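Colleague: Input: one structure, supplied below.
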Protein chains: 2
Amino acid sequence: MTNQQILLAARPTGLPKESDFRLVESPIPVPVEGEFLVRAIYLSVDPYMRGRMNDRKSYIEPVALGAVMGGESVGRVVQSKHADYPEGSTVVGQFGWQEYAVSDGRGVRQVDPSLGPISTALHVLGMPGLTAYFCLFDTCQFQAGDTVVVSAAAGAVGSTVGQLVKLSGGRAVGIAGSDEKIDWITGPLGFDGGLNYKTTDNYVEGLKPLCPDGIDVYYDNVGGPITDAVFPLLNLRARIGICGQISQYNLEEPEYGPRLLWHLIVKRATIRGFLVFDYFDRAAEGFGKLAGWLREGRLQYRERITDGIENGPRAFIEMLQGANIGKQLVRVSQE
Amino acid sequence: MTNQQILLAARPTGLPKESDFRLVESPIPVPVEGEFLVRAIYLSVDPYMRGRMNDRKSYIEPVALGAVMGGESVGRVVQSKHADYPEGSTVVGQFGWQEYAVSDGRGVRQVDPSLGPISTALHVLGMPGLTAYFCLFDTCQFQAGDTVVVSAAAGAVGSTVGQLVKLSGGRAVGIAGSDEKIDWITGPLGFDGGLNYKTTDNYVEGLKPLCPDGIDVYYDNVGGPITDAVFPLLNLRARIGICGQISQYNLEEPEYGPRLLWHLIVKRATIRGFLVFDYFDRAAEGFGKLAGWLREGRLQYRERITDGIENGPRAFIEMLQGANIGKQLVRVSQE
């Protein structure tokens, strides 16, 4: 038995290629006293990981060349020398893109399978869920009655944001890149409006009829021209939460866009950057709310599952290109 | 006796020209019951006025073509049928660019000449003073120990901002456009550092040694490339107050700049637009503080006075080009 691992083989230029990764087999690590061995079931594939592939210090350390690609996974403890993590328990953590990982429990969270399928620990009951919750309610200071526009609205975060808005008495408008995505968010998820930016020439004109009372909150996952289009429609004291800037992650040179800060004076608006790490001490609050809504059937999700760790790089690249509706996962082993 | 007035004759393209204004003489208006007549002493000349010359709705109505150019002035009541504004009292208000104006008192503030020269009602004890105070302490959430960078640092607002920072236990770094301006702010005003952007090629490298502990607050009066340079140096939870965007006011087409919002995620920083109107209900607090510091000799100012209302347009254009150190005023009559 060996441990299949995906290493970072090369620093990507622009959109990553499969050759930027390398699949290797290594011995399965052995836990010592105070450690346990996890067998991964689902790997998480998230836009922020693109940043970790660059050799540039950011809020998170870059992955070293030749090291196991970083990322969260949910898995099962298959061998344990740690009292808090008995064999058979389900855990989620930054175990990286590999079948087996040893951990001492730091940064690891126990998954309660009674709350929902264990894969949800990587989205609606995981980091993307907390991200949606805290960026919307705290960073964006959402209030009932607000019109909220969210970009990448059919992704793991965006699809949750719009549902939280609807649950909380707001108007939710999503921007996404296919009619199928728009149909999902405006159908089952209950968004009030959706804009397919790939079939829209003028984003401002496209958003206007969807936001008849202007925009109070913009939850930004993408940046770039979509974000530019929101500024002219902002209401007085509007709030913009910068959660992600997917459109910029693959750029080698900074993109240029129209200068927009003067809008903030006219609208007395606020733009604030969000990082979920800052809310880990309030995770219980967020998880409690999200799990409650999920249990009540008021929160829906969708998963796109790619089988086989060897297909992780492809799944990641496809996610960066917008192939996923809902959460992109890689299934490494059966539950 | 006639009333000399400066009218808006044409909507400027780019930097205003003197021919965009017209000097006319009209009869001196006569106050009716509940009104009073003001004779202007100093006209205020401020960057925001450039916006009012465009035919574009903003936070303030545009000046109509052929109407008296808008703006604040300080003057003396020379005829009164209003009990609250007796003859001889000094007032400040939006009287426009003219020698005489009639008012019913709405939006007019009494000036207490014992607090300082009456011209200060147009700067350190006026709107620019309140702007500096509330944008620094409220919008930018200044805290003792913060490093504050302020642009247009030798202007009426910027020069006050840096002094408030020094009075309150912070590090003040100013950006301005001449060595004479830098000498003033780093000499008599006590700023810790100054950058002459006109003799600096790389603004980021220029700012770095002046901000050895990074930037906690950026008080932005200018926008454009100077503002771009601040982003890489922002500290965690930095705050940017957008008070003005002088570099953009004369542009016919939106300028393009590098997209910078991703910095906000990494730094969890906030950008917020400021408009002094929002603080009029707290004006007494601001004026009280500013007047106290002025009385104690802890707040300095400088004025550039241009004589003659006919020279108002030239003074305004020169101010937009940065000719002034401190507050640009137009003296219409002697005190």
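Residues in the structure tokens are named by chain (A, B, ... in the order shown) and by number from 1 within that chain; ligands are numbered from 1 in the order shown.
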Segment 168-311 of chain B: which residues are helix (DSSP H, G or I) by DSSP, as a count of residues only?
Modeller: 60
Colleague: What are the residues of chain A lining chain B at 8 Å or less? Count only C-alpha atoms, and put the answer as a PyMOL selection string.
Modeller: chain A and resi 58-59+223-224+242-245+254-259+261-275
Colleague: Using DSSP secondary structure from the backbone, list all strand (DSSP E) positions within segment 43-170 of chain A, as number ranges by chain.
Modeller: A: 43-44, 73-80, 90-93, 100-103, 109-110, 147-151
Colleague: If we count only C-alpha atoms, what is near Pro62 of chain B at a cut-off of 6 Å, once residues fewer than 5 positions away on the same chain are taken out, given as a VMD selection string?
Modeller: chain B and resid 52 to 53 55
Colleague: Produce a file of the selected residues containing C-alpha atoms, as a JSON list (two decimals), in the first residue's frame.
Modeller:
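Saved file selection.json follows:
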```
[["chain", "number", "residue", "atom", "x", "y", "z"],
["B", 52, "ARG", "CA", -19.91, 71.48, -9.63],
["B", 53, "MET", "CA", -18.83, 72.91, -12.99],
["B", 55, "ASP", "CA", -23.28, 68.95, -15.90]]
```
Colleague: Write out as an NGL selection string which residues come within 9 Å of Asn311 of chain B when counting only C-alpha atoms, dropping same-chain ones fewer than 5 positions away.
Modeller: :B and (306 or 316 or 330)
Colleague: With only C-alpha atoms as the atoms that count, which of B:Arg39, B:Asn250, B:Glu205, B:Gln334 lies nearest to Thr13 of chain B?
Modeller: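 Closest to Thr13 of chain B of all the choices is B:Asn250.
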Colleague: Can you tell me which residues surround segment 296-300 of chain A at a distance of at most 9 Å, considering only C-alpha atoms, apart from same-chain residues fewer than 4 positions away, and format the answer as a count of residues only?
Modeller: 11
Colleague: Show me, as an NGL selection string, the residues that have an atom within 10 Å of Lys81 of chain B when counting only C-alpha atoms, minus same-chain residues fewer than 3 positions from it.
Modeller: :B and (31-37 or 84-87 or 104)
